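Text of target19.txt (compact mmCIF, C-alpha atoms) as supplied:
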```
# COMPACT_ATOMS: atom_id res chain seq x y z
CA MET H 26 -5.36 24.63 -2.30
CA LYS H 27 -1.71 24.24 -3.12
CA ILE H 28 -0.62 20.90 -1.69
CA GLY H 29 2.86 19.39 -1.49
CA LEU H 30 3.21 15.60 -1.43
CA PHE H 31 6.60 14.51 -0.11
CA THR H 32 7.60 10.86 -0.56
CA ASP H 33 10.85 8.88 -0.52
CA THR H 34 9.26 6.08 -2.56
CA ALA H 35 7.78 6.83 -5.96
CA PRO H 36 7.67 5.36 -9.50
CA PRO H 37 9.51 3.54 -10.98
CA LEU H 38 9.20 1.72 -7.64
CA ILE H 39 5.95 -0.21 -7.35
CA GLY H 40 4.18 -0.70 -4.04
CA GLY H 41 1.40 0.46 -1.78
CA ILE H 42 2.83 3.89 -0.93
CA GLU H 43 3.55 4.63 -4.59
CA THR H 44 0.01 3.63 -5.55
CA VAL H 45 -1.56 5.71 -2.79
CA THR H 46 0.42 8.88 -3.51
CA SER H 47 -0.24 8.62 -7.26
CA LEU H 48 -3.97 8.13 -6.69
CA MET H 49 -4.03 10.99 -4.21
CA GLU H 50 -2.25 13.29 -6.66
CA HIS H 51 -4.66 12.52 -9.50
CA ARG H 52 -7.84 12.71 -7.43
CA LEU H 53 -6.83 16.04 -5.83
CA LYS H 54 -6.03 17.50 -9.24
CA GLU H 55 -9.42 16.37 -10.53
CA GLN H 56 -11.01 18.46 -7.79
CA GLY H 57 -9.14 21.54 -8.94
CA HIS H 58 -6.31 21.62 -6.40
CA GLU H 59 -2.69 22.35 -7.33
CA VAL H 60 -0.54 19.38 -6.35
CA TYR H 61 3.26 19.40 -6.22
CA THR H 62 5.05 16.07 -5.77
CA PHE H 63 8.60 15.84 -4.41
CA ALA H 64 10.34 12.48 -4.91
CA PRO H 65 13.83 11.01 -5.51
CA ALA H 66 15.42 11.15 -8.93
CA PHE H 67 16.23 7.80 -10.58
CA PRO H 68 18.86 7.24 -13.29
CA ARG H 69 17.44 7.47 -16.81
CA LEU H 70 13.92 8.18 -15.53
CA ARG H 71 12.09 10.65 -17.75
CA GLY H 72 8.55 11.68 -18.51
CA ASP H 73 7.10 12.91 -15.20
CA GLY H 74 4.08 15.15 -15.49
CA PRO H 75 3.92 18.83 -14.51
CA ASN H 76 4.66 19.86 -10.91
CA VAL H 77 6.67 16.70 -10.17
CA TYR H 78 10.08 17.55 -8.76
CA ARG H 79 12.77 14.87 -8.79
CA LEU H 80 15.46 15.53 -6.20
CA PRO H 81 19.12 14.44 -6.47
CA SER H 82 19.52 11.13 -4.67
CA VAL H 83 21.86 8.27 -3.84
CA CYS H 84 21.18 4.53 -3.85
CA ALA H 85 20.32 3.29 -0.34
CA SER H 86 19.44 -0.33 -1.16
CA ARG H 87 20.26 -2.16 -4.39
CA THR H 88 17.96 -5.10 -3.67
CA ARG H 89 14.97 -2.84 -2.97
CA LYS H 90 16.09 -0.07 -5.36
CA LEU H 91 15.46 2.54 -2.67
CA ARG H 92 17.04 5.94 -3.20
CA LEU H 93 17.42 8.75 -0.68
CA ALA H 94 17.36 12.39 -1.76
CA TYR H 95 19.84 14.78 -0.21
CA ALA H 96 18.87 18.26 -1.50
CA LEU H 97 16.16 20.37 -3.08
CA THR H 98 16.76 21.58 -6.61
CA ARG H 99 16.41 25.27 -7.34
CA SER H 100 13.05 24.76 -9.08
CA ALA H 101 11.77 22.57 -6.24
CA ARG H 102 12.75 25.22 -3.69
CA ARG H 103 10.83 27.84 -5.66
CA ALA H 104 7.78 25.57 -5.81
CA THR H 105 7.72 25.16 -2.02
CA GLN H 106 7.23 28.92 -1.60
CA ASP H 107 3.61 28.66 -2.76
CA LEU H 108 2.55 25.63 -0.71
CA GLU H 109 -0.36 25.86 1.73
CA ILE H 110 -0.20 22.28 3.02
CA VAL H 111 2.65 19.76 3.32
CA HIS H 112 1.66 16.09 3.32
CA SER H 113 4.57 13.70 3.82
CA HIS H 114 4.27 9.96 3.27
CA THR H 115 7.61 8.53 4.36
CA PRO H 116 9.90 9.10 7.36
CA PHE H 117 13.17 9.32 5.44
CA THR H 118 15.01 12.27 3.91
CA ILE H 119 12.21 13.70 1.76
CA GLY H 120 9.70 13.26 4.57
CA TRP H 121 12.01 15.31 6.76
CA MET H 122 12.40 17.92 4.03
CA GLY H 123 8.64 18.32 4.07
CA ALA H 124 8.63 18.71 7.85
CA ARG H 125 11.32 21.40 7.73
CA ILE H 126 9.60 23.28 4.91
CA ALA H 127 6.27 23.28 6.76
CA ARG H 128 7.89 24.60 9.93
CA ALA H 129 9.91 27.26 8.08
CA ARG H 130 6.84 28.53 6.20
CA GLY H 131 4.41 28.21 9.09
CA ILE H 132 2.00 25.94 7.21
CA PRO H 133 0.31 22.70 8.36
CA HIS H 134 2.21 19.43 8.11
CA VAL H 135 0.28 16.15 7.71
CA TYR H 136 2.09 12.82 7.87
CA THR H 137 0.60 9.45 6.82
CA HIS H 138 2.02 6.45 8.68
CA HIS H 139 2.02 3.94 5.83
CA PHE H 140 3.92 1.02 7.34
CA LEU H 141 4.29 -0.67 10.71
CA VAL H 142 7.92 0.16 11.34
CA GLN H 143 8.33 -2.06 14.40
CA GLU H 144 6.87 -5.07 12.54
CA TYR H 145 9.32 -4.42 9.71
CA ARG H 146 12.16 -4.21 12.23
CA ARG H 147 11.18 -7.54 13.81
CA THR H 148 10.88 -9.19 10.37
CA LEU H 149 13.90 -7.74 8.59
CA ALA H 150 16.33 -6.40 11.18
CA PRO H 151 15.62 -7.64 14.72
CA TRP H 152 19.16 -6.62 15.65
CA PHE H 153 18.35 -2.93 15.01
CA PRO H 154 17.78 -1.12 18.34
CA LYS H 155 14.11 -0.29 18.95
CA LYS H 156 15.08 2.82 20.91
CA TRP H 157 16.71 4.33 17.81
CA ILE H 158 13.49 3.94 15.84
CA ASP H 159 11.49 5.40 18.74
CA ARG H 160 13.79 8.43 18.88
CA TRP H 161 13.60 8.97 15.11
CA PHE H 162 9.82 8.86 14.97
CA LYS H 163 9.30 10.94 18.11
CA SER H 164 11.36 13.67 16.51
CA LEU H 165 9.47 13.48 13.19
CA LEU H 166 5.99 13.24 14.73
CA GLY H 167 6.75 16.22 16.94
CA ARG H 168 6.92 18.29 13.74
CA CYS H 169 3.40 17.30 12.59
CA ASP H 170 0.05 19.02 13.00
CA LEU H 171 -1.77 15.76 12.29
CA VAL H 172 -0.88 12.12 11.63
CA LEU H 173 -3.14 9.97 9.47
CA ALA H 174 -3.13 6.19 9.87
CA PRO H 175 -4.78 3.75 7.42
CA SER H 176 -5.93 1.53 10.32
CA SER H 177 -6.21 1.44 14.09
CA ASP H 178 -3.16 -0.85 14.19
CA ALA H 179 -1.13 1.90 12.53
CA ARG H 180 -2.69 4.49 14.84
CA ASN H 181 -1.73 2.42 17.88
CA GLU H 182 1.88 2.31 16.73
CA VAL H 183 1.94 6.08 16.24
CA GLU H 184 0.51 6.60 19.73
CA SER H 185 3.08 4.18 21.18
CA PHE H 186 5.81 6.71 20.37
CA GLY H 187 4.30 8.95 23.06
CA VAL H 188 4.12 12.19 21.05
CA PRO H 189 1.07 14.39 21.78
CA VAL H 190 0.01 14.78 18.16
CA PRO H 191 -3.56 14.19 16.91
CA VAL H 192 -3.91 10.88 15.03
CA GLY H 193 -6.81 10.14 12.69
CA VAL H 194 -7.69 6.88 10.96
CA LEU H 195 -8.24 7.27 7.23
CA PRO H 196 -7.89 4.13 5.04
CA PHE H 197 -7.12 4.70 1.36
CA GLY H 198 -8.79 2.24 -0.98
CA PRO H 199 -8.49 1.51 -4.71
CA ASN H 200 -9.60 3.60 -7.66
CA LYS H 201 -13.13 2.47 -8.43
CA ARG H 202 -12.94 3.74 -12.02
CA GLU H 203 -10.20 1.26 -12.94
CA PHE H 204 -12.57 -1.61 -12.19
CA ASP H 205 -15.36 -0.17 -14.34
CA GLN H 206 -13.26 -0.49 -17.52
CA PRO H 207 -13.68 -3.38 -20.00
CA PRO H 208 -11.11 -6.21 -19.75
CA VAL H 209 -7.95 -6.11 -21.86
CA TRP H 210 -7.00 -9.81 -21.69
CA ASP H 211 -8.05 -13.30 -20.68
CA ALA H 212 -5.43 -14.19 -18.08
CA ARG H 213 -6.03 -17.94 -18.09
CA THR H 214 -5.63 -18.19 -21.87
CA GLU H 215 -2.60 -15.93 -22.20
CA LEU H 216 -0.80 -17.45 -19.23
CA GLY H 217 -1.59 -20.97 -20.41
CA ILE H 218 -3.42 -21.98 -17.24
CA ALA H 219 -5.40 -25.19 -17.72
CA GLU H 220 -6.69 -25.55 -14.16
CA PRO H 221 -10.17 -24.06 -13.67
CA HIS H 222 -9.48 -22.43 -10.29
CA LEU H 223 -7.08 -19.48 -10.07
CA LEU H 224 -5.61 -18.25 -6.79
CA LEU H 225 -3.89 -14.86 -6.91
CA PHE H 226 -1.22 -12.97 -4.97
CA VAL H 227 -0.15 -9.43 -5.90
CA GLY H 228 2.72 -7.62 -4.21
CA ARG H 229 6.46 -7.24 -3.88
CA LEU H 230 8.30 -10.54 -3.60
CA VAL H 231 10.03 -9.77 -0.33
CA LYS H 232 10.41 -11.59 2.97
CA GLU H 233 8.05 -9.34 4.92
CA LYS H 234 5.11 -10.27 2.69
CA ASN H 235 5.26 -13.85 4.06
CA ILE H 236 4.82 -15.36 0.58
CA ALA H 237 6.69 -18.51 1.63
CA PHE H 238 3.74 -19.26 3.92
CA VAL H 239 1.30 -18.80 1.02
CA LEU H 240 3.35 -21.22 -1.09
CA ARG H 241 3.43 -23.84 1.65
CA SER H 242 -0.34 -23.53 2.05
CA PHE H 243 -0.81 -23.84 -1.70
CA GLY H 244 1.39 -26.95 -1.67
CA ILE H 245 -1.05 -28.59 0.77
CA LEU H 246 -4.05 -27.49 -1.31
CA ALA H 247 -2.46 -28.72 -4.54
CA LYS H 248 -2.01 -32.20 -3.06
CA ARG H 249 -5.73 -32.31 -2.29
CA ARG H 250 -6.95 -30.85 -5.56
CA SER H 251 -5.66 -31.05 -9.12
CA ASP H 252 -7.79 -28.12 -10.35
CA VAL H 253 -5.95 -25.16 -8.74
CA HIS H 254 -3.28 -22.79 -10.03
CA LEU H 255 -1.44 -20.02 -8.16
CA VAL H 256 -0.47 -16.77 -9.93
CA LEU H 257 1.96 -14.37 -8.29
CA VAL H 258 2.20 -10.84 -9.70
CA GLY H 259 5.19 -8.75 -8.70
CA ASP H 260 8.94 -8.92 -8.40
CA GLY H 261 11.60 -8.52 -5.78
CA PRO H 262 14.72 -9.97 -4.15
CA SER H 263 12.90 -13.11 -2.91
CA LYS H 264 11.79 -14.25 -6.36
CA GLU H 265 14.48 -16.89 -6.91
CA ASP H 266 14.04 -18.31 -3.40
CA LEU H 267 10.28 -18.56 -3.92
CA GLN H 268 10.70 -20.25 -7.29
CA ARG H 269 13.07 -22.73 -5.67
CA GLN H 270 10.53 -23.33 -2.91
CA ALA H 271 7.75 -23.98 -5.46
CA LYS H 272 9.97 -26.59 -7.11
CA GLU H 273 10.75 -28.26 -3.77
CA LEU H 274 7.02 -28.39 -2.99
CA GLY H 275 6.33 -29.95 -6.38
CA VAL H 276 3.99 -27.17 -7.51
CA GLN H 277 6.21 -25.35 -10.00
CA GLY H 278 3.98 -26.54 -12.87
CA ARG H 279 0.96 -25.03 -11.20
CA THR H 280 2.60 -21.79 -10.04
CA THR H 281 3.09 -18.84 -12.39
CA PHE H 282 5.43 -15.97 -11.52
CA CYS H 283 4.28 -13.11 -13.76
CA GLY H 284 6.66 -10.38 -12.68
CA PHE H 285 5.30 -6.87 -13.03
CA LEU H 286 2.30 -6.40 -15.32
CA ILE H 287 0.68 -3.29 -16.72
CA ARG H 288 -2.01 -1.97 -14.44
CA GLU H 289 -4.91 -2.95 -16.70
CA LYS H 290 -3.80 -6.59 -16.68
CA VAL H 291 -3.49 -6.62 -12.89
CA VAL H 292 -7.03 -5.26 -12.59
CA ASP H 293 -8.27 -8.03 -14.90
CA LEU H 294 -6.53 -10.66 -12.78
CA TYR H 295 -8.24 -9.28 -9.70
CA ARG H 296 -11.58 -9.72 -11.50
CA GLN H 297 -10.82 -13.16 -12.95
CA ALA H 298 -9.32 -14.90 -9.91
CA ASP H 299 -11.36 -17.17 -7.68
CA LEU H 300 -9.55 -16.27 -4.47
CA PHE H 301 -6.96 -13.73 -3.38
CA VAL H 302 -4.40 -15.25 -0.99
CA PHE H 303 -2.35 -13.09 1.38
CA GLY H 304 0.01 -13.93 4.23
CA SER H 305 1.57 -10.60 5.24
CA LYS H 306 1.62 -9.52 8.89
CA THR H 307 3.27 -6.11 8.33
CA GLU H 308 0.44 -4.18 6.68
CA THR H 309 -1.12 -0.91 7.77
CA GLN H 310 -4.15 -1.80 5.66
CA GLY H 311 -3.21 -4.09 2.75
CA LEU H 312 -4.17 -2.08 -0.33
CA VAL H 313 -3.86 -5.09 -2.66
CA VAL H 314 -6.43 -6.93 -0.54
CA LEU H 315 -8.89 -4.06 -1.08
CA GLU H 316 -8.07 -4.05 -4.79
CA ALA H 317 -8.93 -7.73 -5.04
CA MET H 318 -12.16 -7.05 -3.17
CA MET H 319 -12.97 -4.22 -5.59
CA GLY H 320 -12.62 -6.82 -8.34
CA GLY H 321 -15.19 -9.00 -6.60
CA THR H 322 -12.62 -11.59 -5.49
CA PRO H 323 -12.87 -12.63 -1.83
CA PRO H 324 -9.59 -12.78 0.09
CA VAL H 325 -8.25 -15.52 2.32
CA ALA H 326 -5.66 -13.79 4.48
CA VAL H 327 -3.63 -14.30 7.61
CA ASP H 328 -5.29 -12.46 10.48
CA GLY H 329 -2.74 -9.70 10.86
CA PRO H 330 -2.45 -5.95 11.44
CA GLY H 331 -4.29 -3.67 9.06
CA VAL H 332 -5.87 -6.43 6.98
CA ARG H 333 -8.15 -7.44 9.84
CA GLU H 334 -9.80 -4.01 9.63
CA MET H 335 -10.41 -4.20 5.89
CA VAL H 336 -11.81 -7.75 5.76
CA ARG H 337 -14.90 -8.71 7.74
CA SER H 338 -14.20 -12.39 8.18
CA GLY H 339 -17.09 -14.56 7.07
CA THR H 340 -18.82 -11.61 5.36
CA ASP H 341 -16.53 -10.50 2.52
CA GLY H 342 -13.57 -12.85 2.92
CA PHE H 343 -11.84 -14.92 5.56
CA LEU H 344 -9.12 -14.19 8.11
CA VAL H 345 -7.32 -17.26 9.42
CA PRO H 346 -4.42 -17.99 11.78
CA GLU H 347 -0.92 -18.41 10.40
CA ASP H 348 -1.35 -22.15 9.98
CA GLU H 349 -0.79 -23.71 6.54
CA LYS H 350 -3.33 -26.49 7.01
CA VAL H 351 -6.04 -24.11 8.21
CA PHE H 352 -5.29 -21.69 5.36
CA ALA H 353 -5.42 -24.47 2.76
CA SER H 354 -8.66 -25.88 4.21
CA CYS H 355 -10.33 -22.48 4.10
CA CYS H 356 -9.38 -22.08 0.43
CA GLU H 357 -10.61 -25.60 -0.34
CA GLU H 358 -13.96 -25.01 1.34
CA LEU H 359 -14.57 -21.84 -0.67
CA LEU H 360 -13.57 -23.50 -3.95
CA GLU H 361 -16.07 -26.27 -3.27
CA ASN H 362 -18.87 -23.78 -2.68
CA PRO H 363 -19.20 -21.39 -5.66
CA ASP H 364 -22.44 -19.84 -4.37
CA HIS H 365 -20.83 -18.88 -1.09
CA ARG H 366 -17.78 -17.59 -2.95
CA LYS H 367 -19.98 -15.42 -5.17
CA GLU H 368 -21.83 -14.06 -2.15
CA LEU H 369 -18.54 -13.15 -0.48
CA GLY H 370 -17.31 -11.52 -3.69
CA LEU H 371 -20.34 -9.24 -3.94
CA ALA H 372 -19.94 -8.20 -0.31
CA ALA H 373 -16.21 -7.66 -0.87
CA LYS H 374 -16.86 -5.32 -3.79
CA ALA H 375 -19.35 -3.29 -1.76
CA ARG H 376 -16.86 -3.04 1.11
CA ALA H 377 -14.05 -1.84 -1.18
CA GLN H 378 -16.31 0.81 -2.69
CA GLU H 379 -16.96 2.19 0.79
CA LEU H 380 -13.19 2.61 1.19
CA SER H 381 -12.40 3.79 -2.35
CA ALA H 382 -9.85 6.45 -3.26
CA GLN H 383 -12.68 8.77 -4.25
CA ALA H 384 -14.24 8.56 -0.78
CA HIS H 385 -10.83 9.02 0.86
CA VAL H 386 -9.91 12.19 -1.02
CA ALA H 387 -13.25 13.84 -0.21
CA ARG H 388 -12.51 13.33 3.49
CA LEU H 389 -8.87 14.36 3.07
CA VAL H 390 -9.79 17.71 1.54
CA GLY H 391 -12.03 18.41 4.54
CA ILE H 392 -9.10 17.60 6.86
CA TYR H 393 -6.82 20.00 4.98
CA GLN H 394 -9.43 22.75 5.17
CA ASP H 395 -9.90 22.28 8.92
CA LEU H 396 -6.13 22.55 9.48
CA LEU H 397 -5.92 25.73 7.42
CA ARG H 398 -8.81 27.30 9.32
CA THR H 399 -7.20 26.38 12.65
CA ARG H 400 -3.85 27.81 11.54
CA SER H 401 -5.57 31.00 10.32
CA ARG H 402 -7.42 31.46 13.64
CA SER H 403 -4.18 30.91 15.59
CA ALA H 404 -2.40 33.51 13.46
CA ALA H 405 -5.22 36.00 14.03
CA VAL H 406 -5.03 35.47 17.81
CA ASP H 407 -1.26 35.95 17.78
CA GLN H 408 -1.59 39.20 15.81
CA GLY H 409 -4.36 40.43 18.12
```

Write-out of the structure in structure tokens:
Amino acid sequence: MKIGLFTDTAPPLIGGIETVTSLMEHRLKEQGHEVYTFAPAFPRLRGDGPNVYRLPSVCASRTRKLRLAYALTRSARRATQDLEIVHSHTPFTIGWMGARIARARGIPHVYTHHFLVQEYRRTLAPWFPKKWIDRWFKSLLGRCDLVLAPSSDARNEVESFGVPVPVGVLPFGPNKREFDQPPVWDARTELGIAEPHLLLFVGRLVKEKNIAFVLRSFGILAKRRSDVHLVLVGDGPSKEDLQRQAKELGVQGRTTFCGFLIREKVVDLYRQADLFVFGSKTETQGLVVLEAMMGGTPPVAVDGPGVREMVRSGTDGFLVPEDEKVFASCCEELLENPDHRKELGLAAKARAQELSAQAHVARLVGIYQDLLRTRSRSAAVDQG
């Protein structure tokens, strides 16, 4: 098949959507499919692989480095002529380009609903009218043959827009092969961490990830125990505020802000941490939680959308209310019981393997094929 992936967020940006689309591209190519990726151009960005089309764009947010494309290049327009399937991953300008191309060429359009837009609105811009978002998504979803949601929470939001489009749940987990590779570093030694217990957060340092809650919880835990250290991997506009908060809590000496790390080092941290701590309530699934689980590290997470479907509380991790004392106590209990922690870690790894990228792509190809067969039968009926 010739498949077009349309996304408004792509490298050099780092996040869940970028990870998912990159994994999808590579896994589909491994199976012999032709994959064409359409994404915004970034200043001074070079070195994309074949069949990646960077579209002229303008800066939409300096703090988040988001860019919005405004036109197809001549080569990108030629590439769309051969597509058999359009799969869009974002609802902005490139997502809409994909929708228009699918309609113009009479080919199936699949859209993956990667983020809970109403949760983001409530967290970041409660002043923004809900009815405008509803109108935008109703119009986009009406141009889809199928919507895929990583969780039932995401599916419920799609269905709340009231558009009669089929919605399927298909979580996208981590790449199992990354976690089968030998380690490239000893994180504790290289980061100079003396404390024996390492708690880990990975993600963008932004308000909607609720990292301030994680820091407050760690502050409580650190007062109870002198043997814990928190590592935060990632960057973003909230970094300085979070560093200031760590200082105010008196845990700056036991909190390490790593910034972005190469992928191999992040994978090693997942495998070397004792617990993965996560406070976000805006996730469609929480890919980083599954990555930690693939590394055999049990998560302690706020019981929120998406994550609650990935983590089976008490079996492969723990989901707790958004209460700092409860969160800290759960972490403390697991640190005091290494056998239980190991048991949870083994179950977490097994769970992540069930939801791996490899398993996802096998199901995705079947979905594409079903859509093509349905479209072909419809065309034959129309001609008859």

For range 244-254 of chain H, please output as a PyMOL selection string all residues within 8 Å (counting only C-alpha atoms; exclusion window: fewer than 4 positions along the same chain).
chain H and resi 218+220-224+240+271+274-276+279-281+349-350+353-354+356-357

How would the residues just picked look written out with C-alpha atoms as a compact mmCIF listing (two decimals), in the coordinates of the input?
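And here's out.txt as it stands now:
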```
# COMPACT_ATOMS: atom_id res chain seq x y z
CA ILE H 218 -3.42 -21.98 -17.24
CA GLU H 220 -6.69 -25.55 -14.16
CA PRO H 221 -10.17 -24.06 -13.67
CA HIS H 222 -9.48 -22.43 -10.29
CA LEU H 223 -7.08 -19.48 -10.07
CA LEU H 224 -5.61 -18.25 -6.79
CA LEU H 240 3.35 -21.22 -1.09
CA ALA H 271 7.75 -23.98 -5.46
CA LEU H 274 7.02 -28.39 -2.99
CA GLY H 275 6.33 -29.95 -6.38
CA VAL H 276 3.99 -27.17 -7.51
CA ARG H 279 0.96 -25.03 -11.20
CA THR H 280 2.60 -21.79 -10.04
CA THR H 281 3.09 -18.84 -12.39
CA GLU H 349 -0.79 -23.71 6.54
CA LYS H 350 -3.33 -26.49 7.01
CA ALA H 353 -5.42 -24.47 2.76
CA SER H 354 -8.66 -25.88 4.21
CA CYS H 356 -9.38 -22.08 0.43
CA GLU H 357 -10.61 -25.60 -0.34
```

For Tyr136 in chain H, list every protein, DNA or RNA residue within 8 Å, evaluated using only C-alpha atoms, and leave out those in the same chain fewer than 6 positions away; present the list as a list of chain:residue names.
H:His112, H:Ser113, H:His114, H:Thr115, H:Leu166, H:Cys169, H:Leu171, H:Val172, H:Leu173

Between CA of Gly131 in chain H and CA of Val192 in chain H, what distance in Å does the model show, to one decimal?
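Pair CA of Gly131 in chain H / CA of Val192 in chain H returns 20.1 Å.
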
Kindly give the distance, in Å, that separates CA of Trp152 in chain H and CA of Thr137 in chain H, rounded to a single decimal.
26.1 Å

How many Å separate CA of Trp210 in chain H from CA of Ser242 in chain H?
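If I compute the distance from CA of Trp210 in chain H to CA of Ser242 in chain H, I get 28.2 Å.
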
Could I get the residues of range 203-316 of chain H with an atom no further than 12 Å from an atom of range 373-381 of chain H, each paired with its nearest atom pair and that distance in Å to one decimal, using only C-alpha atoms, sorted by chain and residue number, as a Markdown table?
```
| residue | atom | partner | partner_atom | distance |
| --- | --- | --- | --- | --- |
| H:Glu203 | CA | H:Ser381 | CA | 11.1 |
| H:Phe204 | CA | H:Lys374 | CA | 10.1 |
| H:Asp205 | CA | H:Gln378 | CA | 11.7 |
| H:Tyr295 | CA | H:Lys374 | CA | 11.2 |
| H:Arg296 | CA | H:Lys374 | CA | 10.3 |
| H:Leu300 | CA | H:Ala373 | CA | 11.5 |
| H:Phe301 | CA | H:Ala373 | CA | 11.3 |
| H:Gln310 | CA | H:Leu380 | CA | 11.0 |
| H:Gly311 | CA | H:Ala377 | CA | 11.7 |
| H:Leu312 | CA | H:Ala377 | CA | 9.9 |
| H:Val313 | CA | H:Ala377 | CA | 10.8 |
| H:Val314 | CA | H:Ala377 | CA | 9.2 |
| H:Leu315 | CA | H:Ala377 | CA | 5.6 |
| H:Glu316 | CA | H:Ala377 | CA | 7.3 |
```

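Closest approach to Pro207 in chain H from the set H:Val135, H:Val227, H:Val292, H:Ser100 is made by H:Val292, with distances taken over all atoms listed in the file.
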
Pick from H:Thr214, H:Ile119, H:Val77, H:Val83 nearest to Thr32 in chain H, counting only C-alpha atoms
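Smallest distance to Thr32 in chain H is found for H:Ile119.
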
Across H:Tyr95, H:Phe238, H:Phe140, H:Trp157, the smallest distance to Gly304 in chain H, with only C-alpha atoms counted, is shown by H:Phe238

So that I can see what lies close to Thr98 in chain H, please list as a PyMOL selection string the residues with an atom at most 10 Å from it, counting all atoms listed in the file and leaving out residues fewer than 3 positions away in the same chain.
chain H and resi 78-81+95+101-104

Store the residues picked out above, limited to C-alpha atoms, as a compact mmCIF listing (two decimals), keeping the file's coordinate frame.
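Now in again-v6.txt:
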```txt
# COMPACT_ATOMS: atom_id res chain seq x y z
CA TYR H 78 10.08 17.55 -8.76
CA ARG H 79 12.77 14.87 -8.79
CA LEU H 80 15.46 15.53 -6.20
CA PRO H 81 19.12 14.44 -6.47
CA TYR H 95 19.84 14.78 -0.21
CA ALA H 101 11.77 22.57 -6.24
CA ARG H 102 12.75 25.22 -3.69
CA ARG H 103 10.83 27.84 -5.66
CA ALA H 104 7.78 25.57 -5.81
```

Any chance you could model N, CA and C atoms for range 149-164 of chain H and send them as a PDB file, in the coordinates of the input?
```pdb
ATOM      1  N   LEU H 149      12.729  -7.913   9.444  1.00  0.00           N
ATOM      2  CA  LEU H 149      13.900  -7.740   8.590  1.00  0.00           C
ATOM      3  C   LEU H 149      15.192  -7.469   9.351  1.00  0.00           C
ATOM      4  N   ALA H 150      15.100  -6.793  10.483  1.00  0.00           N
ATOM      5  CA  ALA H 150      16.330  -6.400  11.180  1.00  0.00           C
ATOM      6  C   ALA H 150      16.104  -6.406  12.690  1.00  0.00           C
ATOM      7  N   PRO H 151      15.876  -7.585  13.281  1.00  0.00           N
ATOM      8  CA  PRO H 151      15.620  -7.640  14.720  1.00  0.00           C
ATOM      9  C   PRO H 151      16.797  -7.150  15.566  1.00  0.00           C
ATOM     10  N   TRP H 152      17.973  -7.096  14.956  1.00  0.00           N
ATOM     11  CA  TRP H 152      19.160  -6.620  15.650  1.00  0.00           C
ATOM     12  C   TRP H 152      19.165  -5.092  15.783  1.00  0.00           C
ATOM     13  N   PHE H 153      18.332  -4.392  15.003  1.00  0.00           N
ATOM     14  CA  PHE H 153      18.350  -2.930  15.010  1.00  0.00           C
ATOM     15  C   PHE H 153      17.679  -2.421  16.292  1.00  0.00           C
ATOM     16  N   PRO H 154      18.322  -1.541  17.042  1.00  0.00           N
ATOM     17  CA  PRO H 154      17.780  -1.120  18.340  1.00  0.00           C
ATOM     18  C   PRO H 154      16.421  -0.412  18.212  1.00  0.00           C
ATOM     19  N   LYS H 155      15.455  -0.886  18.953  1.00  0.00           N
ATOM     20  CA  LYS H 155      14.110  -0.290  18.950  1.00  0.00           C
ATOM     21  C   LYS H 155      14.167   1.163  19.417  1.00  0.00           C
ATOM     22  N   LYS H 156      15.036   1.463  20.367  1.00  0.00           N
ATOM     23  CA  LYS H 156      15.080   2.820  20.910  1.00  0.00           C
ATOM     24  C   LYS H 156      15.510   3.836  19.859  1.00  0.00           C
ATOM     25  N   TRP H 157      16.314   3.411  18.867  1.00  0.00           N
ATOM     26  CA  TRP H 157      16.710   4.330  17.810  1.00  0.00           C
ATOM     27  C   TRP H 157      15.510   4.697  16.941  1.00  0.00           C
ATOM     28  N   ILE H 158      14.691   3.687  16.628  1.00  0.00           N
ATOM     29  CA  ILE H 158      13.490   3.940  15.840  1.00  0.00           C
ATOM     30  C   ILE H 158      12.538   4.847  16.616  1.00  0.00           C
ATOM     31  N   ASP H 159      12.362   4.561  17.909  1.00  0.00           N
ATOM     32  CA  ASP H 159      11.490   5.400  18.740  1.00  0.00           C
ATOM     33  C   ASP H 159      11.949   6.849  18.715  1.00  0.00           C
ATOM     34  N   ARG H 160      13.243   7.067  18.842  1.00  0.00           N
ATOM     35  CA  ARG H 160      13.790   8.430  18.880  1.00  0.00           C
ATOM     36  C   ARG H 160      13.556   9.140  17.538  1.00  0.00           C
ATOM     37  N   TRP H 161      13.775   8.402  16.452  1.00  0.00           N
ATOM     38  CA  TRP H 161      13.600   8.970  15.110  1.00  0.00           C
ATOM     39  C   TRP H 161      12.161   9.419  14.895  1.00  0.00           C
ATOM     40  N   PHE H 162      11.219   8.538  15.224  1.00  0.00           N
ATOM     41  CA  PHE H 162       9.820   8.860  14.970  1.00  0.00           C
ATOM     42  C   PHE H 162       9.281   9.904  15.947  1.00  0.00           C
ATOM     43  N   LYS H 163       9.729   9.896  17.178  1.00  0.00           N
ATOM     44  CA  LYS H 163       9.300  10.940  18.110  1.00  0.00           C
ATOM     45  C   LYS H 163       9.690  12.318  17.583  1.00  0.00           C
ATOM     46  N   SER H 164      10.894  12.393  17.042  1.00  0.00           N
ATOM     47  CA  SER H 164      11.360  13.670  16.510  1.00  0.00           C
ATOM     48  C   SER H 164      10.543  14.097  15.292  1.00  0.00           C
TER      49      SER H 164
END
```
